[in-house]
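Next up, entry17.cif (mmCIF, C-alpha atoms):
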```cif
data_my_file
#
loop_
_atom_site.label_atom_id
_atom_site.label_comp_id
_atom_site.auth_asym_id
_atom_site.auth_seq_id
_atom_site.Cartn_x
_atom_site.Cartn_y
_atom_site.Cartn_z
CA MET A 117 -64.67 -37.35 20.19
CA ALA A 118 -66.44 -34.54 21.88
CA GLY A 119 -64.45 -32.97 24.64
CA PHE A 120 -61.02 -33.78 23.17
CA LYS A 121 -58.71 -30.81 23.34
CA GLY A 122 -55.43 -30.71 21.34
CA PRO A 123 -52.16 -29.12 22.55
CA GLU A 124 -52.29 -25.43 23.11
CA VAL A 125 -50.75 -23.40 20.34
CA GLN A 126 -48.59 -20.61 21.64
CA GLU A 127 -49.65 -17.53 19.74
CA GLU A 128 -46.75 -15.21 20.55
CA VAL A 129 -43.23 -16.56 20.24
CA PRO A 130 -40.80 -13.93 21.54
CA CYS A 131 -37.85 -13.29 19.27
CA ASN A 132 -34.57 -13.04 21.17
CA LEU A 133 -32.78 -10.09 19.69
CA ILE A 134 -29.75 -10.13 21.98
CA PRO A 135 -27.48 -12.46 19.90
CA MET A 136 -28.29 -10.50 16.78
CA ILE A 137 -27.39 -7.22 18.50
CA ASP A 138 -24.13 -8.77 19.71
CA ILE A 139 -23.16 -9.84 16.22
CA MET A 140 -24.14 -6.53 14.71
CA PHE A 141 -22.06 -4.68 17.28
CA LEU A 142 -19.09 -6.85 16.40
CA LEU A 143 -19.58 -6.21 12.69
CA LEU A 144 -19.95 -2.50 13.36
CA LEU A 145 -16.72 -2.42 15.34
CA PHE A 146 -14.88 -4.34 12.63
CA PHE A 147 -15.95 -2.01 9.85
CA MET A 148 -15.41 1.12 11.94
CA LEU A 149 -11.87 0.15 12.84
CA GLY A 150 -11.18 -1.06 9.30
CA ALA A 151 -12.28 2.20 7.73
CA ASP A 152 -9.11 4.24 7.41
CA MET A 153 -10.11 7.85 7.61
CA ALA A 154 -6.55 8.97 6.82
CA GLN A 155 -7.04 7.77 3.26
CA ARG A 156 -8.04 11.26 2.18
CA ASP A 157 -4.32 11.90 1.73
CA LEU A 158 -4.24 9.22 -0.91
CA GLU A 159 -6.01 9.61 -4.22
CA ASP A 160 -7.35 6.58 -5.97
CA VAL A 161 -4.46 5.75 -8.24
CA VAL A 162 -3.19 2.51 -9.70
CA LEU A 163 0.43 2.48 -8.65
CA PRO A 164 3.11 0.81 -10.75
CA GLN A 165 4.09 -2.59 -9.42
CA ALA A 166 7.60 -3.24 -8.23
CA SER A 167 8.85 -6.39 -6.56
CA GLU A 168 11.85 -4.70 -4.95
CA VAL A 169 9.88 -1.96 -3.27
CA LYS A 170 10.34 -1.68 0.46
CA GLU A 171 7.30 -1.60 2.65
CA ASP A 172 6.12 1.86 3.54
CA GLU A 173 5.66 2.16 7.27
CA ASN A 174 4.48 5.70 6.88
CA VAL A 175 1.56 5.29 4.48
CA ARG A 176 -0.72 7.40 6.64
CA GLY A 177 1.58 10.36 6.21
CA ASP A 178 1.71 11.28 9.87
CA GLU A 179 5.49 11.45 10.18
CA GLY A 180 6.21 14.67 8.37
CA THR A 181 5.38 13.48 4.90
CA THR A 182 3.70 15.41 2.13
CA THR A 183 1.97 13.02 -0.25
CA ILE A 184 1.75 14.31 -3.80
CA ASN A 185 -0.68 12.37 -5.96
CA VAL A 186 -0.63 12.35 -9.74
CA HIS A 187 -3.95 11.03 -10.94
CA HIS A 188 -6.23 11.03 -13.95
CA SER A 189 -9.29 13.13 -13.36
CA PHE A 190 -11.48 13.26 -16.41
CA PRO A 191 -14.27 10.69 -16.25
CA ALA A 192 -15.40 11.32 -19.81
CA CYS A 193 -11.95 10.56 -21.23
CA PRO A 194 -12.39 8.20 -24.18
CA VAL A 195 -8.96 6.65 -23.67
CA HIS A 196 -8.09 6.26 -20.01
CA GLY A 197 -9.11 3.00 -18.40
CA ARG A 198 -9.72 1.26 -21.71
CA THR A 199 -7.74 -1.40 -23.46
CA ASP A 200 -6.83 -1.75 -27.11
CA ALA A 201 -7.47 -4.76 -29.31
CA ALA A 202 -4.36 -6.46 -27.96
CA GLY A 203 -5.60 -6.05 -24.41
CA LYS A 204 -3.03 -3.42 -23.52
CA ASP A 205 -4.02 -0.38 -21.48
CA MET A 206 -4.55 2.73 -23.57
CA VAL A 207 -2.61 5.75 -22.41
CA CYS A 208 -4.16 9.20 -22.15
CA ARG A 209 -1.74 11.96 -23.02
CA GLU A 210 -4.10 14.92 -22.68
CA MET A 211 -2.19 16.89 -20.09
CA ASP A 212 -5.38 18.64 -18.94
CA HIS A 213 -6.76 15.30 -17.80
CA TRP A 214 -3.93 14.69 -15.35
CA ARG A 215 -3.99 16.35 -11.97
CA VAL A 216 -1.51 16.88 -9.19
CA ALA A 217 -3.21 16.76 -5.81
CA ILE A 218 -2.08 17.22 -2.24
CA ARG A 219 -4.64 16.23 0.40
CA SER A 220 -7.36 15.91 -2.23
CA LYS A 221 -6.81 19.46 -3.49
CA ASP A 222 -5.67 19.97 -7.06
CA PHE A 223 -2.73 22.23 -7.78
CA THR A 224 -1.26 23.88 -10.82
CA GLN A 225 2.50 24.11 -11.18
CA ASP A 226 2.67 27.56 -9.57
CA THR A 227 0.33 26.82 -6.70
CA MET A 228 2.07 23.50 -6.13
CA ARG A 229 5.38 25.28 -5.73
CA GLN A 230 3.82 27.67 -3.22
CA GLN A 231 2.26 24.83 -1.27
CA LEU A 232 5.46 22.78 -1.25
CA GLN A 233 7.42 25.83 -0.17
CA ILE A 234 5.07 26.31 2.79
CA GLU A 235 5.35 22.64 3.73
CA ALA A 236 9.13 22.64 3.36
CA ASP A 237 9.60 25.79 5.42
CA GLY A 238 7.40 24.37 8.16
CA GLU A 239 9.94 21.72 9.12
CA LEU A 240 13.47 22.92 8.48
CA GLU A 241 16.56 21.05 9.60
CA ASP A 242 18.31 22.50 12.60
CA GLN A 243 21.56 23.34 10.85
CA VAL A 244 22.60 24.83 7.56
CA ASP A 245 23.63 22.15 5.11
CA PRO A 246 27.25 22.74 4.06
CA LEU A 247 26.65 21.49 0.52
CA ALA A 248 23.44 23.38 -0.15
CA GLY A 249 24.43 26.45 1.86
CA LYS A 250 21.00 26.73 3.43
CA ARG A 251 18.69 24.96 5.84
CA LEU A 252 16.94 22.20 3.96
CA SER A 253 13.62 20.70 4.92
CA LYS A 254 13.51 17.54 6.96
CA ARG A 255 10.05 16.78 5.64
CA ARG A 256 9.61 13.90 3.21
CA ALA A 257 7.82 14.17 -0.11
CA MET A 258 6.07 11.05 -1.30
CA VAL A 259 5.15 11.02 -4.99
CA ARG A 260 2.25 8.67 -5.69
CA ALA A 261 1.81 8.69 -9.42
CA ASP A 262 -0.62 6.60 -11.41
CA ARG A 263 1.19 3.94 -13.42
CA LEU A 264 0.10 5.54 -16.69
CA ALA A 265 0.84 9.12 -15.63
CA PRO A 266 3.25 11.01 -17.87
CA PHE A 267 6.80 10.94 -16.56
CA GLY A 268 7.07 14.66 -17.34
CA LEU A 269 4.65 15.48 -14.52
CA VAL A 270 6.56 13.41 -11.99
CA GLN A 271 9.81 14.93 -13.24
CA ARG A 272 8.38 18.41 -12.68
CA ILE A 273 7.27 17.53 -9.15
CA ILE A 274 10.71 16.15 -8.24
CA GLU A 275 12.33 19.25 -9.67
CA THR A 276 10.00 21.50 -7.69
CA CYS A 277 10.69 19.53 -4.51
CA GLY A 278 14.40 20.05 -5.02
CA SER A 279 14.03 23.75 -5.65
CA VAL A 280 12.02 24.36 -2.45
CA GLY A 281 14.40 22.34 -0.27
CA LEU A 282 12.50 19.07 -0.02
CA TYR A 283 15.24 16.60 -0.83
CA LYS A 284 13.85 13.52 0.88
CA VAL A 285 11.79 12.39 -2.08
CA GLU A 286 10.19 8.96 -2.21
CA VAL A 287 8.26 7.41 -5.03
CA GLY A 288 5.33 5.12 -4.34
CA ALA A 289 4.87 1.71 -5.89
CA ALA A 290 2.65 -1.24 -5.16
CA GLN A 291 3.89 -4.60 -4.10
CA PRO A 292 2.80 -7.24 -6.59
CA PRO A 293 0.22 -9.68 -5.27
CA LYS A 294 1.75 -12.70 -3.59
CA PRO A 295 1.10 -15.99 -5.40
CA MET B 192 -39.60 -4.94 51.51
CA ALA B 193 -42.99 -5.67 50.39
CA GLY B 194 -43.27 -6.18 46.68
CA GLY B 195 -39.54 -5.93 46.20
CA GLY B 196 -38.81 -9.59 45.70
CA GLY B 197 -40.14 -10.04 42.17
CA GLU B 198 -37.62 -10.48 39.35
CA GLN B 199 -39.54 -10.46 36.11
CA GLY B 200 -42.18 -8.07 37.17
CA GLU B 201 -39.81 -5.65 38.90
CA ASN B 202 -39.11 -3.48 35.86
CA PRO B 203 -42.40 -2.70 34.27
CA VAL B 204 -40.81 -0.55 31.52
CA ALA B 205 -39.52 -2.74 28.71
CA ILE B 206 -36.67 -1.39 26.62
CA ASN B 207 -37.52 -1.32 22.97
CA VAL B 208 -34.37 -2.42 21.18
CA VAL B 209 -35.82 -2.25 17.69
CA PRO B 210 -34.76 1.39 16.95
CA MET B 211 -31.26 0.61 18.20
CA VAL B 212 -31.07 -2.41 15.91
CA ASP B 213 -32.22 -0.20 13.05
CA VAL B 214 -29.52 2.36 13.70
CA ILE B 215 -26.78 -0.23 14.10
CA PHE B 216 -27.92 -1.91 10.93
CA CYS B 217 -27.72 1.39 9.05
CA LEU B 218 -24.24 2.05 10.41
CA CYS B 219 -23.19 -1.45 9.47
CA VAL B 220 -24.40 -0.99 5.91
CA PHE B 221 -22.61 2.38 5.70
CA PHE B 222 -19.27 1.01 6.85
CA MET B 223 -19.63 -2.11 4.74
CA CYS B 224 -20.21 -0.03 1.63
CA SER B 225 -17.31 2.28 2.33
CA PHE B 226 -14.95 -0.52 3.26
CA LYS B 227 -12.06 -1.00 0.91
CA PHE B 228 -9.20 -3.43 1.16
CA LYS B 229 -6.07 -1.38 1.10
CA GLN B 230 -3.44 -2.20 -1.48
CA LEU B 231 -0.03 -2.96 -0.06
CA GLU B 232 2.09 0.03 -0.88
CA GLY B 233 5.80 0.56 -0.73
CA LYS B 234 8.28 3.17 -1.79
CA PHE B 235 11.63 3.75 -3.39
CA ASP B 236 13.82 6.28 -1.66
CA SER B 237 15.04 8.73 -4.25
CA TRP B 238 16.60 11.47 -2.17
CA LEU B 239 17.83 14.40 -4.16
CA PRO B 240 21.46 15.51 -4.05
CA LYS B 241 21.88 18.39 -1.61
CA GLY B 242 24.60 20.37 -3.32
CA LYS B 243 23.72 19.95 -6.97
CA GLY B 244 21.38 21.90 -9.12
CA THR B 245 19.70 20.81 -12.30
CA GLY B 246 22.66 21.72 -14.49
CA GLY B 247 24.33 19.21 -16.75
CA PRO B 248 27.66 17.55 -16.16
CA SER B 249 30.85 19.52 -16.73
CA ASP B 250 32.66 19.06 -20.02
CA SER B 251 35.71 17.53 -18.36
CA MET B 252 33.67 14.80 -16.71
CA ILE B 253 34.24 11.34 -18.07
CA ILE B 254 30.92 9.68 -18.70
CA GLU B 255 30.52 6.85 -16.25
CA GLU B 256 26.91 5.92 -16.26
CA ILE B 257 24.37 3.34 -17.19
CA ARG B 258 21.88 5.27 -19.24
CA VAL B 259 18.52 3.95 -20.32
CA ALA B 260 16.65 6.08 -22.83
CA LEU B 261 12.88 5.91 -23.08
CA TYR B 262 10.93 7.31 -25.99
CA TRP B 263 7.19 7.45 -26.42
CA ASP B 264 5.67 6.45 -29.73
CA PRO B 265 2.17 7.97 -29.78
CA SER B 266 1.11 6.15 -32.94
CA THR B 267 1.61 2.69 -31.47
CA GLN B 268 1.14 3.78 -27.83
CA ARG B 269 4.33 1.97 -26.95
CA THR B 270 7.50 2.93 -25.13
CA ILE B 271 10.73 2.40 -27.02
CA ARG B 272 13.63 1.57 -24.70
CA LYS B 273 17.23 1.95 -25.73
CA MET B 274 20.47 1.20 -24.00
CA ARG B 275 23.98 1.10 -25.46
CA HIS B 276 22.61 1.44 -29.00
CA ASN B 277 20.35 -1.55 -28.45
CA THR B 278 16.62 -1.31 -28.80
CA ILE B 279 15.27 -3.35 -25.94
CA ILE B 280 12.63 -5.91 -26.73
CA ASP B 281 11.61 -7.13 -23.31
CA ASP B 282 12.33 -6.76 -19.60
CA ASN B 283 14.71 -9.73 -19.54
CA GLN B 284 16.93 -8.16 -22.16
CA LEU B 285 16.91 -4.87 -20.26
CA GLU B 286 17.82 -6.62 -17.04
CA SER B 287 20.68 -8.51 -18.63
CA LEU B 288 22.03 -5.32 -20.25
CA ILE B 289 21.91 -3.42 -16.95
CA THR B 290 23.50 -6.36 -15.13
CA GLU B 291 26.24 -6.57 -17.72
CA ALA B 292 26.94 -2.83 -17.64
CA TYR B 293 26.99 -2.72 -13.85
CA ALA B 294 29.31 -5.73 -13.69
CA ASP B 295 31.72 -3.87 -16.00
CA PHE B 296 31.76 -0.85 -13.69
CA LYS B 297 32.15 -3.03 -10.62
CA ARG B 298 35.15 -4.68 -12.25
CA MET B 299 36.59 -1.19 -12.69
CA SER B 300 36.05 -0.60 -8.93
CA LYS B 301 33.22 1.84 -9.58
CA PRO B 302 30.23 0.35 -7.83
CA ASP B 303 28.71 3.79 -7.32
CA THR B 304 27.98 4.22 -10.99
CA PRO B 305 24.42 5.49 -11.33
CA VAL B 306 21.62 4.31 -13.55
CA ILE B 307 20.34 7.32 -15.43
CA VAL B 308 16.78 7.26 -16.66
CA ASP B 309 16.54 9.53 -19.65
CA ALA B 310 12.86 9.51 -20.50
CA GLU B 311 10.59 11.64 -22.62
CA ALA B 312 7.87 13.49 -20.76
CA ALA B 313 5.08 11.41 -22.30
CA VAL B 314 6.51 8.07 -21.23
CA PRO B 315 4.25 6.30 -18.69
CA TRP B 316 5.58 6.40 -15.15
CA ASP B 317 5.24 2.62 -15.01
CA GLU B 318 8.15 2.22 -17.44
CA VAL B 319 10.43 4.37 -15.29
CA VAL B 320 9.57 2.44 -12.14
CA LYS B 321 10.30 -0.79 -14.01
CA ILE B 322 13.88 0.38 -14.55
CA LEU B 323 14.21 1.39 -10.89
CA ASN B 324 12.95 -2.03 -9.90
CA ILE B 325 15.36 -3.90 -12.16
CA SER B 326 18.24 -1.77 -10.90
CA LYS B 327 17.31 -2.37 -7.28
CA ARG B 328 17.30 -6.08 -7.98
CA GLN B 329 20.90 -5.72 -9.15
CA GLN B 330 21.79 -3.92 -5.88
CA ILE B 331 22.32 -0.62 -7.70
CA THR B 332 21.68 2.16 -5.22
CA LYS B 333 22.18 5.28 -7.29
CA PHE B 334 19.61 6.57 -9.74
CA GLU B 335 19.39 9.79 -11.61
CA PHE B 336 16.61 11.28 -13.68
CA ALA B 337 17.86 13.19 -16.68
CA LEU B 338 16.21 16.60 -16.88
CA GLY B 339 15.43 18.24 -20.14
CA ALA B 340 13.38 21.31 -20.83
CA ALA B 341 10.23 21.28 -18.76
CA PRO B 342 7.21 20.08 -20.73
CA GLY B 343 5.58 23.05 -22.36
CA ALA B 344 8.50 25.29 -21.50
CA GLN B 345 8.69 28.47 -23.47
CA ILE B 346 11.80 29.30 -25.45
CA PRO B 347 13.08 32.64 -24.12
CA ALA B 348 12.00 35.51 -26.34
CA VAL B 349 15.34 37.29 -26.11
CA ARG B 350 18.42 35.24 -26.78
CA PRO B 351 22.02 36.50 -26.47
CA LYS B 352 23.57 37.24 -29.82
CA PRO B 353 26.39 34.91 -30.83
CA ASP B 354 29.02 37.64 -30.45
CA GLU B 355 27.76 38.77 -27.06
CA PRO B 356 29.57 37.48 -23.99
CA LYS B 357 27.48 34.95 -22.13
#
```

Rendering of file as structure tokens:
Amino acid sequence: MAGFKGPEVQEEVPCNLIPMIDIMFLLLLFFMLGADMAQRDLEDVVLPQASEVKEDENVRGDEGTTTINVHHSFPACPVHGRTDAAGKDMVCREMDHWRVAIRSKDFTQDTMRQQLQIEADGELEDQVDPLAGKRLSKRRAMVRADRLAPFGLVQRIIETCGSVGLYKVEVGAAQPPKP
Amino acid sequence: MAGGGGEQGENPVAINVVPMVDVIFCLCVFFMCSFKFKQLEGKFDSWLPKGKGTGGPSDSMIIEEIRVALYWDPSTQRTIRKMRHNTIIDDNQLESLITEAYADFKRMSKPDTPVIVDAEAAVPWDEVVKILNISKRQQITKFEFALGAAPGAQIPAVRPKPDEPK
């Protein structure tokens, strides 16, 4: 069999990277557009579910809305995020563990009033309201409270909103998952 | 032109796409990790009255309201709900009581009767929203939150004496 030569083996097979680049570009675009950078307004809270809630067309908060978040911020809390023997969520009532935040910044009651006053005064209605006897704010206040947050905190926020002239108060809730 | 007709051999400098692929891959991983499916959110409008303060009702006012009281029991970690002297067991009972009460007021031509949520400060917000939701389902448009002393409020150190004019 001397002189027989088999088929030539191609040593270097070029890898075509173009389709891969195309797909990666598409993926990149999808994730870039899907990443909502305006989410910094919204703290990570578990909202209460409500079937009758109307859809919020202003979630991004770009139409004169101040979003006030009430969230639990104490990772070492032995209660929050746990369930009891019956499978029910345990409720943390340490008031120090609950925070009120506007644009990811925590506020105390006094500083919250100052901040809300600034926001309310920034967008006043054109005319004096005959009932209130002053120019109220046309800005909206959206209260996004965690479902286990103490009602007292939300109550205090609503009261503060009223006292600084923010009367367009909305409370956030999540739509239950569709079956 | 001499030498200008070649196609493959025209551009002797090959573009190395490997660093670009690396960078895009890194970006892809970054955005994938930070990607979060957004929960569908909604809102309840609860605009505050313009001309009213936080004072209580006047003495001459006839009570026309649907009041739901919520108490927090820290020992059992449960919310106790009461309405019209009934301790409410479940959401269905609460809904039927609110429906019944609202139907009574509608019969009396008072469809603007509000639902008043009178809750203790420690009650979870979830329970309050549940009442708002049930009321909305019954087409009730007016809600009020009863205000008590602010949580942790200090009792004034100096009080007027009983014989002093207020």

All residues 7 Å or closer to range 146-148 of chain A, only C-alpha atoms, same chain fewer than 2 positions away omitted, as a PDB file with C-alpha atoms, in the frame of the given file:
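Resulting contents of out-v9.pdb:
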```pdb
ATOM      1  CA  LEU A 142     -19.090  -6.850  16.400  1.00  0.00           C
ATOM      2  CA  LEU A 143     -19.580  -6.210  12.690  1.00  0.00           C
ATOM      3  CA  LEU A 144     -19.950  -2.500  13.360  1.00  0.00           C
ATOM      4  CA  GLY A 150     -11.180  -1.060   9.300  1.00  0.00           C
ATOM      5  CA  ALA A 151     -12.280   2.200   7.730  1.00  0.00           C
TER       6      ALA A 151
ATOM      7  CA  PHE B 222     -19.270   1.010   6.850  1.00  0.00           C
ATOM      8  CA  MET B 223     -19.630  -2.110   4.740  1.00  0.00           C
ATOM      9  CA  PHE B 226     -14.950  -0.520   3.260  1.00  0.00           C
TER      10      PHE B 226
END
```

Result set of the PyMOL selection byres ((chain A) within 6 of (chain B)) on the coordinates above, as a list in words: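 This file gives the following for the PyMOL selection byres ((chain A) within 6 of (chain B)): Leu144, Phe147, Ala151, Pro164, Ala166, Glu168, Val169, Lys170, Glu171, Asp172, Leu247, Ala248, Arg263, Leu264, Ala265, Pro266, Phe267, Gly268, Tyr283, Lys284, Val285, Glu286, Val287, Gly288, Ala289, Ala290 and Gln291 of chain A.
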
Explicit residue set for the PyMOL selection byres ((chain B and resi 334) around 7), as JSON, numbers by chain: {"B": [305, 306, 307, 332, 333, 335, 336]}

One-decimal distance in Å that lies between CA of Glu235 in chain A and CA of Ser253 in chain A: 8.6 Å

Residues matched by the PyMOL selection byres ((chain B and resi 278-294) around 10), written as a PyMOL selection string: chain B and resi 256-261+271-277+295-306+321-322+324-326+328-331

Two-atom distance - CA of Ala261 in chain A, CA of Glu210 in chain A (Å):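 Computing it gives 15.8 Å between the two atoms.
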
Point-to-point distance in Å for CA of Ala257 in chain A and CA of Cys277 in chain A: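 Spanning CA of Cys277 in chain A to CA of Ala257 in chain A is a straight-line distance of 7.5 Å.
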
Output as a tab-separated table (two decimals), in the frame of the given file: range 280-290 of chain B, completed with all heavy atoms.
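As a result, rebuild_7.tsv now contains:
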```tsv
chain	number	residue	atom	x	y	z
B	280	ILE	N	13.88	-5.24	-26.35
B	280	ILE	CA	12.63	-5.91	-26.73
B	280	ILE	C	11.78	-6.20	-25.49
B	280	ILE	O	10.59	-5.94	-25.47
B	280	ILE	CB	12.93	-7.23	-27.50
B	280	ILE	CG1	13.80	-6.92	-28.71
B	280	ILE	CG2	11.64	-7.91	-27.93
B	280	ILE	CD1	14.56	-8.10	-29.25
B	281	ASP	N	12.39	-6.77	-24.49
B	281	ASP	CA	11.61	-7.13	-23.31
B	281	ASP	C	12.39	-6.85	-22.02
B	281	ASP	O	13.56	-6.45	-22.06
B	281	ASP	CB	11.15	-8.59	-23.37
B	281	ASP	CG	12.32	-9.55	-23.49
B	281	ASP	OD1	13.48	-9.10	-23.34
B	281	ASP	OD2	12.10	-10.75	-23.75
B	282	ASP	N	11.72	-7.07	-20.90
B	282	ASP	CA	12.33	-6.76	-19.60
B	282	ASP	C	13.57	-7.61	-19.32
B	282	ASP	O	14.52	-7.14	-18.69
B	282	ASP	CB	11.31	-6.99	-18.48
B	282	ASP	CG	10.18	-5.98	-18.54
B	282	ASP	OD1	10.30	-5.02	-19.31
B	282	ASP	OD2	9.18	-6.16	-17.82
B	283	ASN	N	13.56	-8.85	-19.79
B	283	ASN	CA	14.71	-9.73	-19.54
B	283	ASN	C	15.97	-9.19	-20.22
B	283	ASN	O	17.05	-9.22	-19.64
B	283	ASN	CB	14.42	-11.15	-20.04
B	283	ASN	CG	13.33	-11.81	-19.23
B	283	ASN	OD1	13.14	-11.45	-18.07
B	283	ASN	ND2	12.62	-12.73	-19.83
B	284	GLN	N	15.77	-8.71	-21.44
B	284	GLN	CA	16.93	-8.16	-22.16
B	284	GLN	C	17.44	-6.92	-21.44
B	284	GLN	O	18.65	-6.73	-21.29
B	284	GLN	CB	16.53	-7.82	-23.60
B	284	GLN	CG	17.73	-7.48	-24.44
B	284	GLN	CD	17.38	-6.84	-25.77
B	284	GLN	OE1	16.20	-6.66	-26.10
B	284	GLN	NE2	18.38	-6.48	-26.54
B	285	LEU	N	16.51	-6.08	-20.97
B	285	LEU	CA	16.91	-4.87	-20.26
B	285	LEU	C	17.67	-5.23	-18.98
B	285	LEU	O	18.72	-4.64	-18.68
B	285	LEU	CB	15.66	-4.04	-19.91
B	285	LEU	CG	15.89	-2.79	-19.09
B	285	LEU	CD1	16.71	-1.77	-19.87
B	285	LEU	CD2	14.57	-2.15	-18.67
B	286	GLU	N	17.17	-6.21	-18.28
B	286	GLU	CA	17.82	-6.62	-17.04
B	286	GLU	C	19.23	-7.15	-17.31
B	286	GLU	O	20.17	-6.82	-16.59
B	286	GLU	CB	16.96	-7.68	-16.32
B	286	GLU	CG	17.53	-8.05	-14.97
B	286	GLU	CD	16.49	-8.60	-14.01
B	286	GLU	OE1	15.34	-8.78	-14.42
B	286	GLU	OE2	16.87	-8.83	-12.85
B	287	SER	N	19.35	-7.95	-18.36
B	287	SER	CA	20.68	-8.51	-18.63
B	287	SER	C	21.65	-7.41	-19.07
B	287	SER	O	22.83	-7.44	-18.71
B	287	SER	CB	20.60	-9.64	-19.67
B	287	SER	OG	20.12	-9.13	-20.87
B	288	LEU	N	21.15	-6.42	-19.82
B	288	LEU	CA	22.03	-5.32	-20.25
B	288	LEU	C	22.48	-4.49	-19.05
B	288	LEU	O	23.65	-4.11	-18.95
B	288	LEU	CB	21.30	-4.43	-21.26
B	288	LEU	CG	21.29	-4.92	-22.70
B	288	LEU	CD1	20.38	-4.04	-23.55
B	288	LEU	CD2	22.70	-4.93	-23.30
B	289	ILE	N	21.55	-4.21	-18.14
B	289	ILE	CA	21.91	-3.42	-16.95
B	289	ILE	C	22.89	-4.22	-16.08
B	289	ILE	O	23.89	-3.69	-15.60
B	289	ILE	CB	20.64	-3.03	-16.14
B	289	ILE	CG1	19.83	-2.00	-16.92
B	289	ILE	CG2	21.00	-2.48	-14.77
B	289	ILE	CD1	18.51	-1.60	-16.29
B	290	THR	N	22.62	-5.51	-15.93
B	290	THR	CA	23.50	-6.36	-15.13
B	290	THR	C	24.91	-6.37	-15.71
B	290	THR	O	25.90	-6.23	-14.99
B	290	THR	CB	22.96	-7.81	-15.10
B	290	THR	OG1	21.58	-7.76	-14.77
B	290	THR	CG2	23.68	-8.67	-14.10
```
